$ cat query-v4.cif   # mmCIF, C-alpha atoms
data_input
loop_
_atom_site.label_atom_id
_atom_site.label_comp_id
_atom_site.auth_asym_id
_atom_site.auth_seq_id
_atom_site.Cartn_x
_atom_site.Cartn_y
_atom_site.Cartn_z
CA ASN A 1 4.76 -9.83 67.42
CA GLU A 2 2.31 -9.71 70.31
CA LEU A 3 2.20 -13.47 70.84
CA PHE A 4 5.82 -14.57 70.80
CA LYS A 5 9.38 -13.63 69.92
CA VAL A 6 11.94 -15.90 68.30
CA ASP A 7 15.68 -15.86 67.86
CA GLY A 8 17.99 -17.71 65.46
CA SER A 9 17.23 -21.10 67.05
CA LEU A 10 13.72 -21.46 65.72
CA ASN A 11 11.59 -24.09 67.41
CA LEU A 12 8.79 -24.87 64.95
CA THR A 13 6.88 -27.08 67.38
CA ASN A 14 6.58 -24.35 69.99
CA ILE A 15 5.62 -21.73 67.42
CA TYR A 16 2.93 -23.99 65.99
CA ASP A 17 1.52 -24.41 69.50
CA ASN A 18 1.12 -20.65 69.80
CA PHE A 19 -1.40 -20.54 66.95
CA THR A 20 -5.07 -21.39 67.32
CA GLU A 21 -7.70 -21.38 64.58
CA GLU A 22 -10.08 -18.50 65.12
CA GLU A 23 -11.89 -18.06 61.79
CA THR A 24 -12.60 -20.00 58.61
CA LEU A 25 -13.33 -18.38 55.25
CA PHE A 26 -15.17 -20.68 52.88
CA GLU A 27 -16.30 -20.49 49.27
CA ASN A 28 -17.79 -23.46 47.45
CA THR A 29 -15.50 -22.96 44.47
CA GLN A 30 -12.42 -24.91 43.44
CA PHE A 31 -9.12 -23.07 44.06
CA PHE A 32 -10.63 -20.50 46.45
CA GLY A 33 -7.56 -19.06 48.19
CA ALA A 34 -5.15 -21.13 46.09
CA PHE A 35 -2.01 -20.06 44.19
CA ASN A 36 -0.94 -16.55 45.35
CA SER A 37 -4.45 -15.29 45.91
CA ILE A 38 -4.45 -14.18 49.56
CA THR A 39 -3.31 -10.77 50.78
CA LEU A 40 -4.06 -8.73 53.87
CA ASP A 41 -3.25 -5.50 55.69
CA THR A 42 -4.43 -4.13 59.03
CA SER A 43 -8.07 -3.78 57.89
CA PHE A 44 -8.79 -6.16 55.00
CA ILE A 45 -8.35 -9.81 54.09
CA ILE A 46 -8.64 -10.24 50.33
CA VAL A 47 -9.02 -13.72 48.85
CA GLY A 48 -9.03 -14.63 45.19
CA SER A 49 -11.35 -17.25 43.74
CA PRO A 50 -9.83 -17.71 40.27
CA THR A 51 -12.39 -20.20 38.96
CA ALA A 52 -15.57 -18.49 40.18
CA THR A 53 -18.36 -18.50 37.57
CA PHE A 54 -20.89 -15.76 36.74
CA SER A 55 -23.82 -15.48 34.39
CA PHE A 56 -23.38 -12.60 31.95
CA GLU A 57 -25.78 -11.88 29.08
CA GLY A 58 -27.10 -15.41 29.22
CA ASN A 59 -23.66 -17.07 29.27
CA ASP A 60 -21.74 -18.59 32.16
CA ILE A 61 -18.28 -17.04 32.38
CA THR A 62 -15.60 -18.54 34.61
CA CYS A 63 -13.59 -15.37 35.03
CA GLY A 64 -12.77 -15.45 38.76
CA LYS A 65 -13.39 -12.87 41.49
CA LEU A 66 -11.97 -11.30 44.64
CA LEU A 67 -13.73 -11.32 48.00
CA VAL A 68 -12.86 -8.45 50.36
CA TYR A 69 -13.42 -9.09 54.07
CA ASN A 70 -13.12 -6.48 56.81
CA TYR A 71 -11.59 -7.66 60.07
CA GLU A 72 -10.71 -6.36 63.53
CA ILE A 73 -8.40 -7.47 66.33
CA ASN A 74 -9.50 -6.73 69.90
CA ILE A 75 -7.37 -5.94 72.92
CA ASN A 76 -7.07 -9.66 73.69
CA ASN A 77 -5.52 -10.25 70.27
CA LYS A 78 -8.60 -12.10 69.01
CA ILE A 79 -9.67 -11.63 65.41
CA THR A 80 -13.19 -11.00 64.12
CA VAL A 81 -13.76 -11.35 60.39
CA PHE A 82 -16.97 -9.79 59.08
CA LYS A 83 -18.28 -12.25 56.52
CA GLU A 84 -21.47 -13.26 54.73
CA ASN A 85 -22.67 -9.65 55.06
CA GLN A 86 -23.57 -10.16 58.70
CA ASP A 87 -22.92 -6.50 59.53
CA ASP A 88 -24.23 -3.69 57.31
CA ASP A 89 -21.26 -1.53 58.32
CA TYR A 90 -18.79 -4.18 57.12
CA PRO A 91 -20.13 -5.78 53.93
CA VAL A 92 -18.19 -8.39 52.01
CA GLN A 93 -17.28 -6.73 48.71
CA THR A 94 -17.01 -8.80 45.53
CA LEU A 95 -14.61 -7.46 42.92
CA LEU A 96 -14.85 -8.44 39.27
CA PRO A 97 -12.45 -7.37 36.53
CA SER A 98 -13.57 -4.87 33.89
CA ILE A 99 -12.67 -7.48 31.22
CA LEU A 100 -14.70 -10.64 31.86
CA GLY A 101 -12.48 -13.20 30.15
CA ASP A 102 -13.64 -16.81 30.32
CA ASN A 103 -11.12 -19.00 32.19
CA SER A 104 -8.86 -15.97 32.71
CA LEU A 105 -8.08 -16.93 36.36
CA PHE A 106 -8.68 -13.47 37.78
CA GLY A 107 -7.37 -13.45 41.34
CA TYR A 108 -4.48 -15.84 40.69
CA SER A 109 -2.08 -13.37 42.36
CA VAL A 110 -3.15 -10.51 44.62
CA LYS A 111 -1.27 -7.75 46.49
CA ILE A 112 -2.44 -4.92 48.73
CA TYR A 113 -0.47 -1.89 49.86
CA ASP A 114 -2.10 0.91 51.83
CA LYS A 115 -5.04 2.04 49.64
CA SER A 116 -3.85 0.23 46.50
CA LEU A 117 -4.77 -3.26 45.33
CA VAL A 118 -3.59 -5.19 42.28
CA ALA A 119 -4.78 -8.57 41.02
CA SER A 120 -3.76 -10.63 38.02
CA ALA A 121 -5.76 -12.64 35.51
CA ILE A 122 -2.90 -14.73 34.15
CA LYS A 123 -4.83 -16.42 31.34
CA LEU A 124 -6.65 -13.31 30.16
CA SER A 125 -7.06 -13.17 26.38
CA TYR A 126 -7.84 -9.83 24.76
CA GLU A 127 -10.34 -9.63 21.89
CA SER A 128 -8.89 -10.59 18.47
CA ASP A 129 -5.55 -11.22 20.06
CA GLU A 130 -3.28 -14.07 21.07
CA LEU A 131 -4.52 -16.31 23.86
CA HIS A 132 -3.48 -16.17 27.51
CA LYS A 133 -1.25 -13.13 27.49
CA GLY A 134 -2.43 -12.31 31.00
CA GLY A 135 -3.26 -8.95 32.52
CA LEU A 136 -3.42 -6.89 35.71
CA PHE A 137 -6.26 -4.93 37.31
CA TYR A 138 -5.49 -2.00 39.61
CA TYR A 139 -7.85 -0.75 42.34
CA GLU A 140 -7.84 2.15 44.80
CA TYR A 141 -9.81 2.36 48.04
CA SER A 142 -12.45 5.11 48.05
CA ASP A 143 -13.06 6.71 51.45
CA SER A 144 -16.28 8.28 50.17
CA SER A 145 -17.88 4.97 49.18
CA ASN A 146 -15.93 2.74 51.61
CA SER A 147 -15.18 0.37 48.77
CA TRP A 148 -12.48 -0.68 46.32
CA VAL A 149 -12.84 0.82 42.86
CA GLU A 150 -11.01 -0.36 39.73
CA GLN A 151 -8.84 2.36 38.19
CA GLN A 152 -7.34 0.64 35.14
CA ASP A 153 -6.21 -2.61 33.58
CA LEU A 154 -2.51 -3.05 32.81
CA SER A 155 -0.72 -5.00 30.10
CA ALA A 156 2.50 -4.76 28.06
CA SER A 157 2.93 -4.20 24.33
CA ASP A 158 5.34 -7.09 23.75
CA LEU A 159 3.37 -9.88 25.42
CA ASN A 160 2.91 -13.10 23.48
CA ALA A 161 0.48 -15.99 23.73
CA ASP A 162 0.81 -18.00 26.95
CA ASP A 163 2.99 -15.40 28.69
CA LEU A 164 0.73 -15.39 31.77
CA LEU A 165 1.44 -11.84 32.95
CA GLY A 166 0.91 -11.59 36.70
CA PHE A 167 2.26 -15.04 37.56
CA LYS A 168 3.93 -13.38 40.57
CA LEU A 169 3.23 -9.88 41.93
CA ASP A 170 4.56 -7.39 44.41
CA MET A 171 3.67 -3.78 45.14
CA ASP A 172 4.70 -0.91 47.39
CA ALA A 173 4.04 2.83 47.52
CA SER A 174 5.91 3.49 44.28
CA PHE A 175 5.86 0.41 42.03
CA ILE A 176 3.93 -2.64 40.88
CA VAL A 177 6.06 -5.61 39.81
CA ALA A 178 4.61 -8.46 37.72
CA SER A 179 6.34 -11.46 36.18
CA THR A 180 5.40 -13.76 33.31
CA TYR A 181 5.61 -17.54 32.99
CA GLU A 182 6.23 -17.82 29.29
CA GLY A 183 5.41 -20.80 27.11
CA TYR A 184 3.00 -22.34 29.62
CA GLY A 185 0.66 -23.81 27.03
CA SER A 186 3.38 -25.23 24.78
CA ASN A 187 5.91 -26.02 27.53
CA THR A 188 8.56 -24.00 25.68
CA ASN A 189 10.85 -21.06 26.44
CA LYS A 190 10.06 -20.08 30.07
CA GLY A 191 12.66 -17.37 29.66
CA SER A 192 10.11 -15.05 31.23
CA LYS A 193 10.15 -11.33 31.94
CA VAL A 194 9.51 -8.96 34.83
CA TYR A 195 7.60 -5.73 34.26
CA ILE A 196 7.83 -2.73 36.61
CA TYR A 197 4.95 -0.25 36.56
CA THR A 198 5.33 3.16 38.22
CA LYS A 199 2.48 4.43 40.40
CA ASN A 200 1.50 8.09 40.07
CA ASP A 201 0.32 10.52 42.74
CA GLU A 202 -3.04 10.83 40.98
CA GLY A 203 -3.96 7.23 41.83
CA THR A 204 -3.09 5.86 38.39
CA VAL A 205 -0.27 3.71 37.03
CA ASP A 206 2.10 4.46 34.16
CA GLU A 207 1.19 2.07 31.33
CA SER A 208 4.74 1.95 29.87
CA PRO A 209 6.57 -0.43 32.21
CA GLN A 210 10.28 -1.12 32.51
CA LYS A 211 11.11 -4.66 31.37
CA LEU A 212 13.75 -6.93 32.91
CA ARG A 213 15.17 -10.22 31.62
CA ALA A 214 17.67 -12.71 33.04
CA THR A 215 21.13 -11.66 31.88
CA ASN A 216 24.72 -12.78 31.87
CA ASP A 217 27.29 -9.99 31.47
CA ASP A 218 24.49 -7.64 30.37
CA VAL A 219 23.37 -10.04 27.60
CA ASP A 220 19.88 -11.55 27.74
CA ILE A 221 19.85 -15.28 28.44
CA ASP A 222 17.83 -17.29 25.93
CA GLY A 223 15.86 -20.38 26.88
CA PHE A 224 14.84 -21.64 30.29
CA THR A 225 15.51 -19.33 33.24
CA TYR A 226 12.13 -19.12 35.03
CA PHE A 227 13.10 -15.50 35.68
CA GLY A 228 10.46 -13.92 37.89
CA TYR A 229 9.52 -17.13 39.67
CA SER A 230 9.57 -14.89 42.75
CA VAL A 231 9.66 -11.08 43.08
CA LYS A 232 10.05 -8.81 46.10
CA LEU A 233 10.35 -5.04 46.52
CA GLN A 234 12.20 -3.54 49.50
CA LYS A 235 12.43 0.16 50.35
CA THR A 236 14.96 1.61 52.78
CA ASP A 237 15.56 5.21 53.81
CA ASN A 238 18.09 5.67 51.03
CA GLU A 239 17.57 2.88 48.47
CA HIS A 240 14.89 0.95 46.62
CA TYR A 241 15.67 -2.73 45.93
CA LEU A 242 13.98 -5.35 43.76
CA PHE A 243 14.80 -9.04 44.20
CA VAL A 244 13.95 -11.46 41.36
CA GLY A 245 14.28 -15.25 41.53
CA SER A 246 15.45 -17.20 38.46
CA ILE A 247 15.35 -20.81 39.54
CA ALA A 248 17.12 -22.66 36.71
CA ASN A 249 19.29 -22.31 33.63
CA ALA A 250 21.32 -24.99 31.89
CA THR A 251 24.40 -22.81 31.40
CA TYR A 252 24.63 -19.68 33.53
CA HIS A 253 23.08 -20.51 36.92
CA LYS A 254 22.31 -24.20 37.12
CA GLY A 255 21.32 -24.10 40.77
CA GLY A 256 19.16 -21.00 40.35
CA ALA A 257 19.91 -17.36 41.12
CA VAL A 258 18.53 -14.20 42.67
CA TYR A 259 19.00 -10.93 40.78
CA VAL A 260 19.29 -7.84 42.99
CA TYR A 261 18.27 -4.56 41.34
CA LYS A 262 18.64 -1.07 42.75
CA TYR A 263 16.66 1.97 41.62
CA ASN A 264 18.50 4.98 40.27
CA THR A 265 16.78 8.22 39.29
CA SER A 266 14.66 6.66 36.53
CA GLU A 267 14.84 2.84 36.51
CA PHE A 268 16.01 -0.31 38.26
CA GLU A 269 19.57 -1.41 37.44
CA LEU A 270 21.23 -4.76 38.16
CA HIS A 271 23.31 -4.43 41.32
CA GLN A 272 24.20 -8.04 42.21
CA LYS A 273 23.50 -11.60 41.11
CA ILE A 274 23.48 -14.20 43.89
CA ASP A 275 24.47 -17.64 42.58
CA PRO A 276 24.31 -20.42 45.19
CA LEU A 277 27.06 -22.44 43.52
CA ILE A 278 29.37 -19.46 44.00
CA ASP A 279 28.03 -17.54 46.99
CA ILE A 280 26.84 -20.36 49.26
CA SER A 281 29.20 -23.27 48.62
CA ASP A 282 31.66 -22.12 51.31
CA VAL A 283 29.05 -22.36 54.06
CA ASN A 284 26.97 -25.18 52.58
CA PRO A 285 29.08 -27.81 50.83
CA PHE A 286 26.00 -29.58 49.46
CA VAL A 287 24.62 -26.91 47.13
CA ASP A 288 23.48 -28.68 43.98
CA ASN A 289 22.67 -27.89 40.36
CA ARG A 290 19.00 -28.73 40.89
CA ASP A 291 18.27 -26.74 44.03
CA PHE A 292 15.90 -24.18 42.41
CA PHE A 293 17.47 -21.43 44.51
CA GLY A 294 15.29 -18.32 44.42
CA CYS A 295 11.93 -20.10 44.31
CA SER A 296 10.72 -17.84 47.13
CA ILE A 297 11.97 -14.54 48.52
CA ASP A 298 11.15 -12.34 51.47
CA SER A 299 12.93 -9.36 53.00
CA ARG A 300 12.62 -6.77 55.72
CA ILE A 301 14.48 -3.99 57.50
CA SER A 302 16.28 -5.51 60.49
CA THR A 303 14.74 -4.86 63.89
CA ASP A 304 17.67 -2.62 64.83
CA GLU A 305 17.20 -0.78 61.50
CA THR A 306 20.84 -1.24 60.52
CA THR A 307 20.52 -3.50 57.49
CA VAL A 308 18.23 -5.31 55.04
CA GLU A 309 17.61 -8.98 55.79
CA LEU A 310 16.96 -11.14 52.73
CA LEU A 311 15.57 -14.68 53.00
CA ILE A 312 15.79 -16.94 49.95
CA GLY A 313 14.06 -20.30 49.57
CA SER A 314 15.45 -23.30 47.71
CA TYR A 315 12.83 -26.01 47.43
CA GLY A 316 15.04 -28.52 45.61
CA ALA A 317 17.76 -28.46 48.25
CA ASP A 318 17.95 -32.22 48.51
CA ASN A 319 21.47 -32.99 49.66
CA VAL A 320 21.35 -35.09 52.80
CA LEU A 321 24.05 -37.54 53.82
CA ASP A 322 23.42 -40.72 55.80
CA ASP A 323 25.67 -42.00 58.58
CA ILE A 324 28.21 -43.46 56.17
CA GLY A 325 28.38 -40.41 53.92
CA THR A 326 26.09 -41.61 51.13
CA LEU A 327 24.12 -38.85 49.41
CA LYS A 328 20.36 -39.26 49.72
CA VAL A 329 17.81 -37.27 47.71
CA PHE A 330 14.85 -36.20 49.84
CA ASP A 331 13.96 -32.79 48.35
CA ALA A 332 13.89 -31.38 51.85
CA GLY A 333 14.27 -27.74 50.85
CA ALA A 334 16.22 -25.05 52.64
CA ALA A 335 16.22 -21.33 53.36
CA TYR A 336 19.22 -19.01 53.35
CA ARG A 337 19.50 -15.62 54.99
CA PHE A 338 21.57 -12.81 53.49
CA ASP A 339 22.23 -9.41 55.03
CA LEU A 340 23.20 -6.22 53.25
CA SER A 341 26.89 -5.68 53.95
CA LEU A 342 27.83 -2.16 54.97
CA ASN A 343 31.35 -2.76 53.67
CA ASP A 344 30.65 -3.36 49.98
CA ASP A 345 26.88 -2.72 49.63
CA ASN A 346 26.28 -6.35 48.55
CA PHE A 347 24.17 -9.06 50.17
CA ARG A 348 26.25 -11.67 52.01
CA ILE A 349 25.08 -14.96 53.46
CA VAL A 350 24.84 -15.08 57.26
CA LYS A 351 22.68 -18.14 57.95
CA THR A 352 21.76 -21.42 56.27
CA GLY A 353 19.51 -24.33 57.10
CA LEU A 354 22.62 -26.41 57.76
CA GLU A 355 24.52 -26.58 61.01
CA GLN A 356 27.80 -28.28 61.77
CA SER A 357 28.27 -30.56 64.76
CA GLY A 358 31.89 -31.59 64.25
CA ASP A 359 34.89 -31.56 61.98
CA ASN A 360 34.27 -30.03 58.57
CA ASN A 361 35.91 -32.92 56.74
CA ASN A 362 33.45 -35.45 58.15
CA HIS A 363 30.29 -34.99 56.08
CA SER A 364 28.16 -36.86 58.58
CA ASN A 365 28.64 -33.92 60.95
CA TRP A 366 26.49 -31.71 58.71
CA MET A 367 22.71 -31.86 59.01
CA TYR A 368 19.65 -29.76 58.31
CA THR A 369 18.32 -28.29 61.54
CA GLN A 370 16.04 -25.46 60.41
#
$ encode --input "query-v4.cif" --output "structure tokens"
Amino acid sequence: NELFKVDGSLNLTNIYDNFTEEETLFENTQFFGAFNSITLDTSFIIVGSPTATFSFEGNDITCGKLLVYNYEININNKITVFKENQDDDYPVQTLLPSILGDNSLFGYSVKIYDKSLVASAIKLSYESDELHKGGLFYYEYSDSSNSWVEQQDLSASDLNADDLLGFKLDMDASFIVASTYEGYGSNTNKGSKVYIYTKNDEGTVDESPQKLRATNDDVDIDGFTYFGYSVKLQKTDNEHYLFVGSIANATYHKGGAVYVYKYNTSEFELHQKIDPLIDISDVNPFVDNRDFFGCSIDSRISTDETTVELLIGSYGADNVLDDIGTLKVFDAGAAYRFDLSLNDDNFRIVKTGLEQSGDNNNHSNWMYTQ
């Protein structure tokens, strides 16, 4: 916000020119910073290293780790990252999970909010149990020790082998949201679930989460949905929303979907289902069955604080026409912006990656511009 402001006509070249590399964080470990393993706030940069190896009781265990870096920004907007323990007042803290599972990929997904931190180990296998159920580890920042301290590990009673709990994460002041990626090892199901854990005032988390599944008319959808491929919490003054991406289903949302949940007094309830083949086709005539709508989600309160802005990614948006109207498949991707309508309390599309330069009936007048 200090460097530049943008409007609806985003110029990516100019924005790229406004960024300069100021720091490099390096770890000689494969997948350092990969997947969803980077998170930051105004004081810390936390990076997961899911394949980091340690020696424990004479055995090498590839359980993964988190590295916690302190950083500062000076009045000239320059960043200083304290790394390699160069400053005794700002040590680099290494976080390990309380369950050292070999090849558990601890640090695959990481989220920080205020003084709370959660990280997943998506291939964690509990003793004498099915393999690769996954698990979460919850930390709180201690002002007395100036360090992050693990409070508890989180799971769910109905997890099965290869569910990979913690595939995607989000967290705010009240909730932790974690999705699964079911059937990873056997390439089956991928129906997937989303678990919602409630945070308590005592610095702990309720271990009996609410569970969500992809539904059609309140009936769970069996088979492939990839429900939970993306998750995002959004709090307003009056409401608490949860957005969940479900990128594919052979019957009920072939182009993908985003489920919008709203919190009542005790749980999240389905409020709206955004289907691109229904809700976008009027403004984008090229929405396709294989768009994977909902693969990524972000949201915020609008700058004038009048609405919620929801941005939804669609990485398979591949419909591009050449000069003579022939459909070409480029897998270009697209992003769509929805705003919360004050008229009916639903999210309505306001912007797409397509713009029109002429008559609607001439398909060559449509092109991706953003």
$ closest_residue --input "query-v4.cif" --among "A:Leu105, A:Ile38, A:Ala214, A:Ala334" --to "Leu164 of chain A" --atoms "only C-alpha atoms"
A:Leu105
$ closest_residue --input "query-v4.cif" --among "A:Lys83, A:Arg337, A:Lys65, A:His132" --to "Ser302 of chain A" --atoms "only C-alpha atoms"
A:Arg337
$ closest_residue --input "query-v4.cif" --among "A:Asp222, A:Asp172, A:Glu267, A:Asp288" --to "Thr236 of chain A" --atoms "all atoms listed in the file"
A:Asp172
$ atom_distance --input "query-v4.cif" --atom1 "atom CA of Tyr259 of chain A" --atom2 "atom CA of His271 of chain A"
7.8 Å
$ closest_residue --input "query-v4.cif" --among "A:Val68, A:Leu165, A:Leu277, A:Ile176" --to "Tyr141 of chain A" --atoms "only C-alpha atoms"
A:Val68
$ atom_distance --input "query-v4.cif" --atom1 "atom CA of Phe338 of chain A" --atom2 "atom CA of Asp298 of chain A"
10.6 Å
$ resolve_selection --input "query-v4.cif" --expression "the PyMOL selection byres ((chain A and resi 112-129) around 7)" --output "MDAnalysis selection string"
chainID A and resid 39:40 101 103:111 130:141 164:167 171:173
$ atom_distance --input "query-v4.cif" --atom1 "atom CA of Thr215 of chain A" --atom2 "atom CA of Thr251 of chain A"
11.6 Å
$ resolve_selection --input "query-v4.cif" --expression "the PyMOL selection byres ((chain A and resi 92) around 12)" --output "list in words"
Leu25, Phe44, Ile45, Ile46, Val47, Leu66, Leu67, Val68, Tyr69, Asn70, Tyr71, Val81, Phe82, Lys83, Glu84, Asn85, Gln86, Asp87, Asp88, Asp89, Tyr90, Pro91, Gln93, Thr94, Leu95, Asn146, Ser147 and Trp148 of chain A
$ closest_residue --input "query-v4.cif" --among "A:Ile274, A:Ala335, A:Val177, A:Val350" --to "Leu311 of chain A" --atoms "only C-alpha atoms"
A:Ala335
$ closest_residue --input "query-v4.cif" --among "A:Ser49, A:Thr204, A:Thr307, A:Asn264" --to "Asp153 of chain A" --atoms "only C-alpha atoms"
A:Thr204
$ residues_around --input "query-v4.cif" --residues "Phe32 of chain A" --least-positions-apart "6" --cutoff "9 Å" --atoms "all atoms listed in the file" --output "count of residues only"
7
